[in-house]
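Everything on this sheet refers to the single structure shown next.
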Amino acid sequence: MSAPLLIGVCADVTQQGAHAFHQAGDKYLRALSVTSPNVAPIIIPAFFHELSAAAQEALLGTLDGLMLTGSYSNLHPSYYQQSLKEGDDASRDPHRDASNWALLELAMAKKLPILAICRGFQELNVYFGGSLHHRIHEVEGLMDHREDKSRPIEEQYAPAHPVKLLTGGYLAKWFSPNTSIEVNSIHMQGVDRLGKGLHIEAQSEDGLVEAFSLDDYPFLLAVQWHPEWKPQQYPQNAQIIQGFINTCSAVKAQGKIG
């Protein structure tokens with residue numbers, strides 16, 4: 001077996017009692033290791049921006065890919081030049097906000113393959129100059145994309161609606177000849193203005209952007225849904241995680257997309 005792939009997974013900062021913890025969701029870490037036994041997930045603490053330049057270089061120099069996860073927190077709207085809306089009760093994580101901005105800057109300079117999920121999808125859109133809807137369900141013409149929190153977790157993460165796959169993208173290639181797939185839907189925010197240089201990969205029936213990639217970059221794919229949820233049970237989720245892992249492996253072995 002070849003040397004294992006080291007894939008960085010960003011952390012959130014959560015408060016537990018009197019102490020702060022840096023943590024990443026079990027489902028993200030296990031999705032990587034369950035899909036491939038040759039992957040070692042590495043949790044990146046949410047103070048990457050506070051590390052010395054030498055420490056940042058050393059950490060990212062060991063990685064073969066980067067996953068930006070979903071989160072209970074939302075990106076602060078100041079990152080896309082907006083203020084908090086009246087009655088905004090979303091949780092915030094300023095540590096993750098600042099850490100991931102610095103992390104993205106260096107990861108992209110190193111051309112690391114990147115897979116972004118949910119909050120990570122939203123972060124990337126804003127990083128490239130886009131903006132977000134605060135509450136999709138309050139926007140005329142858009143569906144309610146939130147999960148029903150009164151239902152069991154298995155039902156919350158079950159496929160909720162189809163997304164159309166646009167031609168020319170990674171998803172269209174991976175799922176060919178299918179032109180749409182069923183995805184789960186567990187988010188309140190979403191793309192308003194798409195960031196510069198981003199290519200739409202998938203859209204929901206109401207026209208909301210559900211996935212995008214980056215033009216002229218070795219590999220960057222961001223999805224609004226949660227493909228990390230039980231890939232061993234949902235083939236469409238496994239395909240995305242496996243596609244990311246395969247790309248990381250190809251970049252490591254050959255320096256190009258396989």
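The chains in the structure tokens are called A, B, ... from first to last as shown; in each chain the residues are counted from 1, and the ligands are counted from 1 in the order shown.
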
Could you give me, as a tab-separated table, a per-residue list for stretch 191-233 of chain A showing, wherever an atom lies at most 9 Å from an atom of stretch 29-39 of chain A, the closest pair of atoms and their distance in Å to one decimal, using only C-alpha atoms and sorting by chain then residue number from low to high?
```
residue	atom	partner	partner_atom	distance
A:Pro227	CA	A:Ala31	CA	8.5
A:Glu228	CA	A:Ala31	CA	5.3
A:Trp229	CA	A:Ala31	CA	7.2
A:Lys230	CA	A:Ala31	CA	6.9
A:Pro231	CA	A:Ala31	CA	6.5
A:Gln232	CA	A:Thr35	CA	7.4
```

Can you spit out the residues from that selection as an mmCIF file, in the first residue's frame, using C-alpha atoms?
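Output below, filename again-v3.cif:
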```cif
data_model
loop_
_atom_site.group_PDB
_atom_site.id
_atom_site.type_symbol
_atom_site.label_atom_id
_atom_site.label_comp_id
_atom_site.auth_asym_id
_atom_site.auth_seq_id
_atom_site.Cartn_x
_atom_site.Cartn_y
_atom_site.Cartn_z
ATOM 1 C CA PRO A 227 -21.988 14.065 1.267
ATOM 2 C CA GLU A 228 -20.084 13.076 4.407
ATOM 3 C CA TRP A 229 -23.277 11.545 5.819
ATOM 4 C CA LYS A 230 -22.958 7.736 5.818
ATOM 5 C CA PRO A 231 -21.268 7.266 2.420
ATOM 6 C CA GLN A 232 -21.384 3.507 3.017
#
```

Could you list, with a cut-off of 6 Å and counting only C-alpha atoms, the residues of stretch 41-60 of chain A near stretch 11-23 of chain A, each shown with its nearest atom pair and the distance in Å rounded to one decimal, rows sorted by chain and ascending number, as CSV?
```
residue,atom,partner,partner_atom,distance
A:Ile44,CA,A:Ala11,CA,5.8
A:Pro45,CA,A:Ala11,CA,5.4
A:Ala46,CA,A:Ala11,CA,5.3
```

Can you write out the residues you just picked, keeping all heavy atoms, as a compact mmCIF listing (two decimals), in the first residue's frame?
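Generated output (again-v1.txt):
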```
# COMPACT_ATOMS: atom_id res chain seq x y z
N ILE A 44 -7.17 20.45 11.87
CA ILE A 44 -6.40 21.69 11.90
C ILE A 44 -7.05 22.63 12.92
O ILE A 44 -8.22 23.00 12.76
CB ILE A 44 -6.37 22.36 10.52
CG1 ILE A 44 -5.77 21.40 9.49
CG2 ILE A 44 -5.59 23.67 10.57
CD1 ILE A 44 -5.86 21.91 8.06
N PRO A 45 -6.36 23.02 13.97
CA PRO A 45 -6.98 23.88 14.98
C PRO A 45 -7.41 25.22 14.40
O PRO A 45 -6.81 25.71 13.43
CB PRO A 45 -5.87 24.06 16.03
CG PRO A 45 -4.60 23.77 15.29
CD PRO A 45 -4.94 22.74 14.27
N ALA A 46 -8.45 25.79 14.98
CA ALA A 46 -9.03 27.02 14.46
C ALA A 46 -8.29 28.26 14.97
O ALA A 46 -8.90 29.27 15.31
CB ALA A 46 -10.51 27.09 14.83
```

- Item | Spatial neighbours of A:Cys248, 12 Å, only C-alpha atoms, chain gap at least 5 places, as a PyMOL selection string | chain A and resi 4-8+32+36+38-39+63-67+111-115+218-220+241-243+253-258

Requested write-out: C-alpha atoms of the selected residues, as a PDB file, in the first residue's frame:
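Everything below was put into selection17.pdb:
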```
ATOM      1  CA  PRO A   4      -1.376   7.283   3.356  1.00  0.00           C
ATOM      2  CA  LEU A   5      -2.997  10.478   2.193  1.00  0.00           C
ATOM      3  CA  LEU A   6      -3.015  13.186   4.852  1.00  0.00           C
ATOM      4  CA  ILE A   7      -6.149  15.287   4.497  1.00  0.00           C
ATOM      5  CA  GLY A   8      -6.597  18.340   6.685  1.00  0.00           C
ATOM      6  CA  LEU A  32     -12.715   9.972   4.723  1.00  0.00           C
ATOM      7  CA  SER A  36     -10.553   4.795   1.926  1.00  0.00           C
ATOM      8  CA  ASN A  38      -5.408   4.838   3.023  1.00  0.00           C
ATOM      9  CA  VAL A  39      -6.525   8.231   4.369  1.00  0.00           C
ATOM     10  CA  LEU A  63      -1.119  17.693   3.587  1.00  0.00           C
ATOM     11  CA  ASP A  64      -2.428  16.134   0.392  1.00  0.00           C
ATOM     12  CA  GLY A  65      -5.838  17.788   0.529  1.00  0.00           C
ATOM     13  CA  LEU A  66      -8.142  20.004   2.591  1.00  0.00           C
ATOM     14  CA  MET A  67     -11.761  19.562   3.700  1.00  0.00           C
ATOM     15  CA  LYS A 111      -2.678  24.282  -5.027  1.00  0.00           C
ATOM     16  CA  LEU A 112      -4.036  21.781  -2.493  1.00  0.00           C
ATOM     17  CA  PRO A 113      -7.170  19.903  -3.601  1.00  0.00           C
ATOM     18  CA  ILE A 114     -10.124  21.300  -1.649  1.00  0.00           C
ATOM     19  CA  LEU A 115     -13.553  19.862  -0.858  1.00  0.00           C
ATOM     20  CA  PRO A 218      -6.260  21.929  -9.992  1.00  0.00           C
ATOM     21  CA  PHE A 219      -9.272  20.879  -7.891  1.00  0.00           C
ATOM     22  CA  LEU A 220     -11.784  22.802  -5.814  1.00  0.00           C
ATOM     23  CA  ILE A 241     -15.957  11.595  -1.090  1.00  0.00           C
ATOM     24  CA  GLN A 242     -14.236   8.983  -3.265  1.00  0.00           C
ATOM     25  CA  GLY A 243     -13.832  11.461  -6.114  1.00  0.00           C
ATOM     26  CA  ALA A 253       1.399  10.799  -7.211  1.00  0.00           C
ATOM     27  CA  GLN A 254       1.495  12.662 -10.506  1.00  0.00           C
ATOM     28  CA  GLY A 255       1.033  16.339  -9.803  1.00  0.00           C
ATOM     29  CA  LYS A 256      -2.085  16.434 -11.957  1.00  0.00           C
ATOM     30  CA  ILE A 257      -5.746  15.496 -11.914  1.00  0.00           C
ATOM     31  CA  GLY A 258      -6.231  11.823 -12.770  1.00  0.00           C
TER      32      GLY A 258
END
```

- Task: Considering only C-alpha atoms, return as a PyMOL selection string whatever protein or nucleic-acid residues lie within 10 Å of A:Tyr170, sequence-local ones (same chain, fewer than 3 positions apart) excluded.
- Result: chain A and resi 165-167+173-176+201+212-213+219-221+240+243-244

- Within 9 Å of A:Asp144 using only C-alpha atoms, minus same-chain residues under 4 positions, as a ChimeraX atom specification: /A:135-138,187-188

Would you write out those residues with N, CA and C atoms, as a PDB file, in the first residue's frame?
```
ATOM      1  N   ARG A 135     -31.429  34.122   5.246  1.00  0.00           N
ATOM      2  CA  ARG A 135     -32.487  33.134   5.495  1.00  0.00           C
ATOM      3  C   ARG A 135     -33.149  32.801   4.163  1.00  0.00           C
ATOM      4  N   ILE A 136     -32.775  31.674   3.587  1.00  0.00           N
ATOM      5  CA  ILE A 136     -33.289  31.299   2.272  1.00  0.00           C
ATOM      6  C   ILE A 136     -34.809  31.223   2.277  1.00  0.00           C
ATOM      7  N   HIS A 137     -35.373  30.701   3.372  1.00  0.00           N
ATOM      8  CA  HIS A 137     -36.824  30.486   3.419  1.00  0.00           C
ATOM      9  C   HIS A 137     -37.619  31.792   3.419  1.00  0.00           C
ATOM     10  N   GLU A 138     -36.924  32.924   3.606  1.00  0.00           N
ATOM     11  CA  GLU A 138     -37.604  34.221   3.557  1.00  0.00           C
ATOM     12  C   GLU A 138     -37.422  34.928   2.216  1.00  0.00           C
ATOM     13  N   HIS A 187     -29.675  23.386   5.577  1.00  0.00           N
ATOM     14  CA  HIS A 187     -29.027  24.703   5.653  1.00  0.00           C
ATOM     15  C   HIS A 187     -30.067  25.811   5.604  1.00  0.00           C
ATOM     16  N   MET A 188     -29.746  26.905   6.273  1.00  0.00           N
ATOM     17  CA  MET A 188     -30.610  28.088   6.297  1.00  0.00           C
ATOM     18  C   MET A 188     -30.079  29.169   5.369  1.00  0.00           C
TER      19      MET A 188
END
```

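Compared by their closest atoms to A:Met108, and using only C-alpha atoms, the residues A:Ala55, A:Leu214, A:Val209, A:Val126 rank with A:Leu214 nearest.
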
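Residues in contact with stretch 102-104 of chain A at up to 9 Å, not including ones fewer than 2 positions away on its chain and judged by only C-alpha atoms, are Cys10, Phe48, His49, Gln56, Leu60, Ala98, Ser99, Asn100, Leu106, Ala107, Met108, Ala109, Leu124 and Tyr127 of chain A.
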
Emit the selected residues as a CSV table (one decimal), in the first residue's frame, including all heavy atoms.
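Contents of again33.csv, as written:
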```csv
chain,number,residue,atom,x,y,z
A,10,CYS,N,-10.8,21.2,8.8
A,10,CYS,CA,-10.8,22.4,9.6
A,10,CYS,C,-11.6,22.1,10.9
A,10,CYS,O,-12.5,21.3,10.9
A,10,CYS,CB,-11.3,23.6,8.9
A,10,CYS,SG,-13.1,23.5,8.5
A,48,PHE,N,-5.3,28.8,13.0
A,48,PHE,CA,-4.2,28.7,12.0
A,48,PHE,C,-3.6,30.1,11.7
A,48,PHE,O,-2.4,30.2,11.5
A,48,PHE,CB,-4.8,28.1,10.7
A,48,PHE,CG,-3.8,27.9,9.6
A,48,PHE,CD1,-3.0,26.8,9.6
A,48,PHE,CD2,-3.6,28.8,8.6
A,48,PHE,CE1,-2.1,26.5,8.6
A,48,PHE,CE2,-2.7,28.6,7.6
A,48,PHE,CZ,-1.9,27.5,7.6
A,49,HIS,N,-4.5,31.1,11.8
A,49,HIS,CA,-4.0,32.5,11.5
A,49,HIS,C,-3.1,33.0,12.6
A,49,HIS,O,-2.4,34.0,12.4
A,49,HIS,CB,-5.2,33.4,11.4
A,49,HIS,CG,-6.1,33.5,12.6
A,49,HIS,ND1,-6.7,32.4,13.1
A,49,HIS,CD2,-6.4,34.5,13.5
A,49,HIS,CE1,-7.4,32.7,14.2
A,49,HIS,NE2,-7.2,34.0,14.4
A,56,GLN,N,2.8,27.5,9.8
A,56,GLN,CA,1.8,27.3,8.8
A,56,GLN,C,2.3,26.5,7.6
A,56,GLN,O,1.7,25.6,7.1
A,56,GLN,CB,1.2,28.7,8.3
A,56,GLN,CG,0.4,29.4,9.3
A,56,GLN,CD,0.0,30.8,8.8
A,56,GLN,OE1,0.5,31.2,7.8
A,56,GLN,NE2,-0.9,31.4,9.5
A,60,LEU,N,0.8,22.7,6.4
A,60,LEU,CA,0.2,22.5,5.1
A,60,LEU,C,1.2,21.7,4.2
A,60,LEU,O,0.7,21.1,3.3
A,60,LEU,CB,-0.2,23.8,4.5
A,60,LEU,CG,-1.7,24.1,4.6
A,60,LEU,CD1,-2.1,24.3,6.1
A,60,LEU,CD2,-2.1,25.3,3.8
A,98,ALA,N,-11.7,33.6,11.1
A,98,ALA,CA,-10.3,34.1,10.8
A,98,ALA,C,-9.3,33.0,10.4
A,98,ALA,O,-8.5,33.2,9.6
A,98,ALA,CB,-9.8,34.8,12.1
A,99,SER,N,-9.4,31.9,11.1
A,99,SER,CA,-8.5,30.8,10.8
A,99,SER,C,-8.7,30.3,9.4
A,99,SER,O,-7.7,30.1,8.7
A,99,SER,CB,-8.8,29.6,11.8
A,99,SER,OG,-7.9,28.6,11.6
A,100,ASN,N,-9.9,30.1,8.9
A,100,ASN,CA,-10.1,29.5,7.6
A,100,ASN,C,-9.7,30.5,6.5
A,100,ASN,O,-9.3,30.1,5.4
A,100,ASN,CB,-11.5,29.0,7.4
A,100,ASN,CG,-11.7,27.6,8.0
A,100,ASN,OD1,-10.9,27.1,8.6
A,100,ASN,ND2,-12.9,27.0,7.7
A,106,LEU,N,-3.2,30.2,2.1
A,106,LEU,CA,-2.0,29.4,1.9
A,106,LEU,C,-2.3,28.1,1.2
A,106,LEU,O,-1.5,27.6,0.3
A,106,LEU,CB,-1.4,29.1,3.3
A,106,LEU,CG,0.0,28.4,3.2
A,106,LEU,CD1,1.0,29.2,2.3
A,106,LEU,CD2,0.6,28.2,4.6
A,107,ALA,N,-3.5,27.4,1.5
A,107,ALA,CA,-3.8,26.2,0.8
A,107,ALA,C,-3.9,26.4,-0.7
A,107,ALA,O,-3.5,25.6,-1.5
A,107,ALA,CB,-5.1,25.6,1.3
A,108,MET,N,-4.5,27.5,-1.1
A,108,MET,CA,-4.7,27.8,-2.5
A,108,MET,C,-3.3,28.1,-3.2
A,108,MET,O,-3.1,27.8,-4.3
A,108,MET,CB,-5.7,28.8,-2.8
A,108,MET,CG,-7.1,28.4,-2.3
A,108,MET,SD,-8.4,29.5,-2.9
A,108,MET,CE,-8.2,29.2,-4.7
A,109,ALA,N,-2.5,28.8,-2.5
A,109,ALA,CA,-1.1,29.1,-3.0
A,109,ALA,C,-0.4,27.8,-3.3
A,109,ALA,O,0.4,27.8,-4.2
A,109,ALA,CB,-0.4,30.0,-2.0
A,124,LEU,N,-16.3,29.6,1.0
A,124,LEU,CA,-15.5,29.8,-0.3
A,124,LEU,C,-16.2,30.8,-1.2
A,124,LEU,O,-15.6,31.5,-1.9
A,124,LEU,CB,-15.4,28.4,-1.0
A,124,LEU,CG,-14.2,27.5,-0.5
A,124,LEU,CD1,-14.3,26.2,-1.2
A,124,LEU,CD2,-12.9,28.2,-0.9
A,127,TYR,N,-15.2,34.0,0.1
A,127,TYR,CA,-13.8,34.2,-0.1
A,127,TYR,C,-13.5,34.8,-1.5
A,127,TYR,O,-12.6,35.6,-1.7
A,127,TYR,CB,-13.1,32.9,0.2
A,127,TYR,CG,-11.6,33.0,0.0
A,127,TYR,CD1,-10.8,33.4,1.1
A,127,TYR,CD2,-10.9,32.7,-1.2
A,127,TYR,CE1,-9.4,33.5,1.0
A,127,TYR,CE2,-9.5,32.8,-1.3
A,127,TYR,CZ,-8.8,33.2,-0.2
A,127,TYR,OH,-7.4,33.3,-0.3
```

- Message: For the strand (DSSP E or B) assignment from backbone DSSP, which residues of stretch 40-212 of chain A qualify? Please present them as a PyMOL selection string.
- Response: chain A and resi 40-44+65-68+73+91+114-117+132-133+161-165+180-183+190-191+198-204+209-212

Write a file of the selected residues as a compact mmCIF listing (two decimals), in the first residue's frame, keeping N, CA, C and O atoms.
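Output file selection.txt follows:
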```txt
# COMPACT_ATOMS: atom_id res chain seq x y z
N ALA A 40 -5.56 9.38 6.26
CA ALA A 40 -5.45 9.78 7.66
C ALA A 40 -5.93 11.22 7.78
O ALA A 40 -5.26 12.15 7.31
N PRO A 41 -7.12 11.45 8.38
CA PRO A 41 -7.60 12.83 8.57
C PRO A 41 -6.78 13.53 9.66
O PRO A 41 -6.44 12.94 10.68
N ILE A 42 -6.48 14.80 9.42
CA ILE A 42 -5.72 15.62 10.37
C ILE A 42 -6.56 16.84 10.73
O ILE A 42 -6.90 17.65 9.85
N ILE A 43 -6.92 17.00 11.99
CA ILE A 43 -7.71 18.16 12.42
C ILE A 43 -6.80 19.37 12.54
O ILE A 43 -5.78 19.33 13.24
N ILE A 44 -7.17 20.45 11.87
CA ILE A 44 -6.40 21.69 11.90
C ILE A 44 -7.05 22.63 12.92
O ILE A 44 -8.22 23.00 12.76
N GLY A 65 -4.54 17.24 0.86
CA GLY A 65 -5.84 17.79 0.53
C GLY A 65 -6.42 18.49 1.74
O GLY A 65 -5.89 18.39 2.85
N LEU A 66 -7.51 19.23 1.52
CA LEU A 66 -8.14 20.00 2.59
C LEU A 66 -9.66 19.88 2.49
O LEU A 66 -10.23 20.03 1.40
N MET A 67 -10.30 19.59 3.62
CA MET A 67 -11.76 19.56 3.70
C MET A 67 -12.23 20.68 4.61
O MET A 67 -11.79 20.79 5.76
N LEU A 68 -13.14 21.51 4.11
CA LEU A 68 -13.81 22.52 4.91
C LEU A 68 -15.19 22.00 5.25
O LEU A 68 -16.00 21.73 4.36
N SER A 73 -22.36 26.91 13.30
CA SER A 73 -22.18 28.36 13.24
C SER A 73 -22.27 28.85 11.80
O SER A 73 -22.08 28.09 10.85
N SER A 91 -25.57 31.13 15.57
CA SER A 91 -24.34 31.07 16.36
C SER A 91 -23.17 31.51 15.48
O SER A 91 -23.20 31.39 14.25
N ILE A 114 -9.23 20.83 -2.70
CA ILE A 114 -10.12 21.30 -1.65
C ILE A 114 -11.54 20.78 -1.89
O ILE A 114 -12.07 20.91 -3.00
N LEU A 115 -12.14 20.21 -0.87
CA LEU A 115 -13.55 19.86 -0.86
C LEU A 115 -14.20 20.64 0.27
O LEU A 115 -13.78 20.54 1.43
N ALA A 116 -15.23 21.43 -0.05
CA ALA A 116 -15.91 22.25 0.94
C ALA A 116 -17.36 21.84 1.04
O ALA A 116 -18.03 21.61 0.02
N ILE A 117 -17.86 21.76 2.27
CA ILE A 117 -19.21 21.26 2.55
C ILE A 117 -19.99 22.27 3.39
O ILE A 117 -19.49 22.76 4.41
N LEU A 132 -24.14 36.02 0.64
CA LEU A 132 -25.07 34.98 1.07
C LEU A 132 -26.44 35.53 1.40
O LEU A 132 -26.57 36.67 1.87
N HIS A 133 -27.46 34.70 1.16
CA HIS A 133 -28.78 34.96 1.72
C HIS A 133 -28.73 34.59 3.21
O HIS A 133 -28.25 33.50 3.55
N HIS A 161 -34.28 16.49 -1.95
CA HIS A 161 -34.69 17.05 -3.23
C HIS A 161 -33.60 16.80 -4.27
O HIS A 161 -32.43 16.56 -3.91
N PRO A 162 -33.94 16.87 -5.55
CA PRO A 162 -32.92 16.68 -6.59
C PRO A 162 -32.15 17.96 -6.85
O PRO A 162 -32.63 19.07 -6.57
N VAL A 163 -30.94 17.82 -7.39
CA VAL A 163 -30.20 18.94 -7.94
C VAL A 163 -29.82 18.59 -9.37
O VAL A 163 -29.49 17.45 -9.69
N LYS A 164 -29.89 19.58 -10.23
CA LYS A 164 -29.51 19.42 -11.63
C LYS A 164 -28.01 19.61 -11.76
O LYS A 164 -27.44 20.57 -11.23
N LEU A 165 -27.34 18.68 -12.45
CA LEU A 165 -25.90 18.75 -12.64
C LEU A 165 -25.61 19.44 -13.97
O LEU A 165 -26.05 19.00 -15.03
N SER A 180 -29.00 14.49 -12.88
CA SER A 180 -29.41 15.01 -11.58
C SER A 180 -29.19 13.93 -10.53
O SER A 180 -29.12 12.74 -10.86
N ILE A 181 -29.07 14.35 -9.28
CA ILE A 181 -28.95 13.42 -8.16
C ILE A 181 -29.81 13.95 -7.01
O ILE A 181 -30.12 15.15 -6.94
N GLU A 182 -30.17 13.06 -6.10
CA GLU A 182 -30.92 13.43 -4.91
C GLU A 182 -29.93 13.77 -3.79
O GLU A 182 -28.96 13.04 -3.57
N VAL A 183 -30.19 14.89 -3.09
CA VAL A 183 -29.29 15.32 -2.02
C VAL A 183 -30.09 15.64 -0.76
O VAL A 183 -31.29 15.90 -0.82
N GLY A 190 -27.48 30.45 2.01
CA GLY A 190 -27.08 29.96 0.70
C GLY A 190 -26.56 31.09 -0.15
O GLY A 190 -26.56 32.26 0.25
N VAL A 191 -26.12 30.75 -1.35
CA VAL A 191 -25.51 31.73 -2.25
C VAL A 191 -26.54 32.76 -2.71
O VAL A 191 -27.61 32.41 -3.20
N LEU A 198 -16.00 31.37 -10.08
CA LEU A 198 -16.62 30.11 -9.70
C LEU A 198 -17.55 29.61 -10.80
O LEU A 198 -18.28 30.40 -11.42
N HIS A 199 -17.54 28.31 -11.02
CA HIS A 199 -18.34 27.67 -12.05
C HIS A 199 -19.44 26.85 -11.38
O HIS A 199 -19.16 25.99 -10.54
N ILE A 200 -20.69 27.14 -11.71
CA ILE A 200 -21.81 26.41 -11.09
C ILE A 200 -21.80 24.96 -11.55
O ILE A 200 -21.76 24.67 -12.74
N GLU A 201 -21.84 24.05 -10.58
CA GLU A 201 -21.85 22.61 -10.85
C GLU A 201 -23.24 22.01 -10.69
O GLU A 201 -23.56 21.02 -11.35
N ALA A 202 -24.05 22.57 -9.78
CA ALA A 202 -25.38 22.00 -9.53
C ALA A 202 -26.30 23.08 -9.00
O ALA A 202 -25.86 24.01 -8.30
N GLN A 203 -27.58 22.95 -9.33
CA GLN A 203 -28.61 23.86 -8.85
C GLN A 203 -29.85 23.08 -8.44
O GLN A 203 -30.16 22.03 -9.03
N SER A 204 -30.54 23.58 -7.42
CA SER A 204 -31.80 22.97 -7.02
C SER A 204 -32.93 23.46 -7.91
O SER A 204 -32.73 24.35 -8.76
N VAL A 209 -27.95 27.94 -6.15
CA VAL A 209 -26.68 27.26 -6.42
C VAL A 209 -26.40 26.26 -5.31
O VAL A 209 -26.39 26.61 -4.12
N GLU A 210 -26.17 25.00 -5.69
CA GLU A 210 -25.95 23.94 -4.72
C GLU A 210 -24.52 23.40 -4.75
O GLU A 210 -24.10 22.71 -3.82
N ALA A 211 -23.78 23.68 -5.82
CA ALA A 211 -22.39 23.23 -5.90
C ALA A 211 -21.67 24.12 -6.91
O ALA A 211 -22.27 24.59 -7.88
N PHE A 212 -20.39 24.34 -6.66
CA PHE A 212 -19.57 25.08 -7.63
C PHE A 212 -18.13 24.58 -7.56
O PHE A 212 -17.70 23.94 -6.59
```

- Task: Please provide as a ChimeraX atom specification all residues within 8 Å of A:Asp206, with the sequence filter that same-chain residues fewer than 3 positions apart are discarded (counting only C-alpha atoms).
- Result: /A:141-143,203

Only all heavy atoms, please: the residues just picked out, written as a PDB file, in the first residue's frame.
```pdb
ATOM      1  N   GLY A 141     -39.441  33.037  -3.954  1.00  0.00           N
ATOM      2  CA  GLY A 141     -39.077  32.155  -5.056  1.00  0.00           C
ATOM      3  C   GLY A 141     -38.168  31.015  -4.674  1.00  0.00           C
ATOM      4  O   GLY A 141     -37.946  30.110  -5.482  1.00  0.00           O
ATOM      5  N   LEU A 142     -37.622  31.040  -3.447  1.00  0.00           N
ATOM      6  CA  LEU A 142     -36.734  29.969  -3.009  1.00  0.00           C
ATOM      7  C   LEU A 142     -37.454  29.054  -2.013  1.00  0.00           C
ATOM      8  O   LEU A 142     -38.291  29.513  -1.228  1.00  0.00           O
ATOM      9  CB  LEU A 142     -35.471  30.538  -2.365  1.00  0.00           C
ATOM     10  CG  LEU A 142     -34.555  31.345  -3.280  1.00  0.00           C
ATOM     11  CD1 LEU A 142     -33.310  31.804  -2.527  1.00  0.00           C
ATOM     12  CD2 LEU A 142     -34.160  30.541  -4.519  1.00  0.00           C
ATOM     13  N   MET A 143     -37.097  27.788  -2.043  1.00  0.00           N
ATOM     14  CA  MET A 143     -37.698  26.803  -1.147  1.00  0.00           C
ATOM     15  C   MET A 143     -37.135  26.953   0.265  1.00  0.00           C
ATOM     16  O   MET A 143     -36.141  27.646   0.489  1.00  0.00           O
ATOM     17  CB  MET A 143     -37.405  25.384  -1.645  1.00  0.00           C
ATOM     18  CG  MET A 143     -37.843  25.086  -3.056  1.00  0.00           C
ATOM     19  SD  MET A 143     -37.549  23.348  -3.526  1.00  0.00           S
ATOM     20  CE  MET A 143     -35.784  23.187  -3.300  1.00  0.00           C
ATOM     21  N   GLN A 203     -27.579  22.948  -9.327  1.00  0.00           N
ATOM     22  CA  GLN A 203     -28.614  23.862  -8.849  1.00  0.00           C
ATOM     23  C   GLN A 203     -29.845  23.076  -8.435  1.00  0.00           C
ATOM     24  O   GLN A 203     -30.157  22.031  -9.027  1.00  0.00           O
ATOM     25  CB  GLN A 203     -29.013  24.864  -9.938  1.00  0.00           C
ATOM     26  CG  GLN A 203     -27.963  25.916 -10.246  1.00  0.00           C
ATOM     27  CD  GLN A 203     -28.405  26.845 -11.358  1.00  0.00           C
ATOM     28  OE1 GLN A 203     -28.514  26.428 -12.509  1.00  0.00           O
ATOM     29  NE2 GLN A 203     -28.675  28.085 -11.019  1.00  0.00           N
TER      30      GLN A 203
END
```

- Item | Coordinates-based distance that separates atom CA of A:Gly129 from atom CA of A:Arg193 (Å, one decimal) |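 Calculated distance between atom CA of A:Arg193 and atom CA of A:Gly129 is 8.3 Å.
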
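The space separating atom CA of A:Arg119 from atom CA of A:Glu140 comes to 22.3 Å.
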
- If you run DSSP on this backbone, which residues of stretch 57-214 of chain A come out as helix (DSSP H, G or I), and could you give them as a PyMOL selection string? chain A and resi 57-61+77-80+94-109+119-127+136-138+153-156+170-175
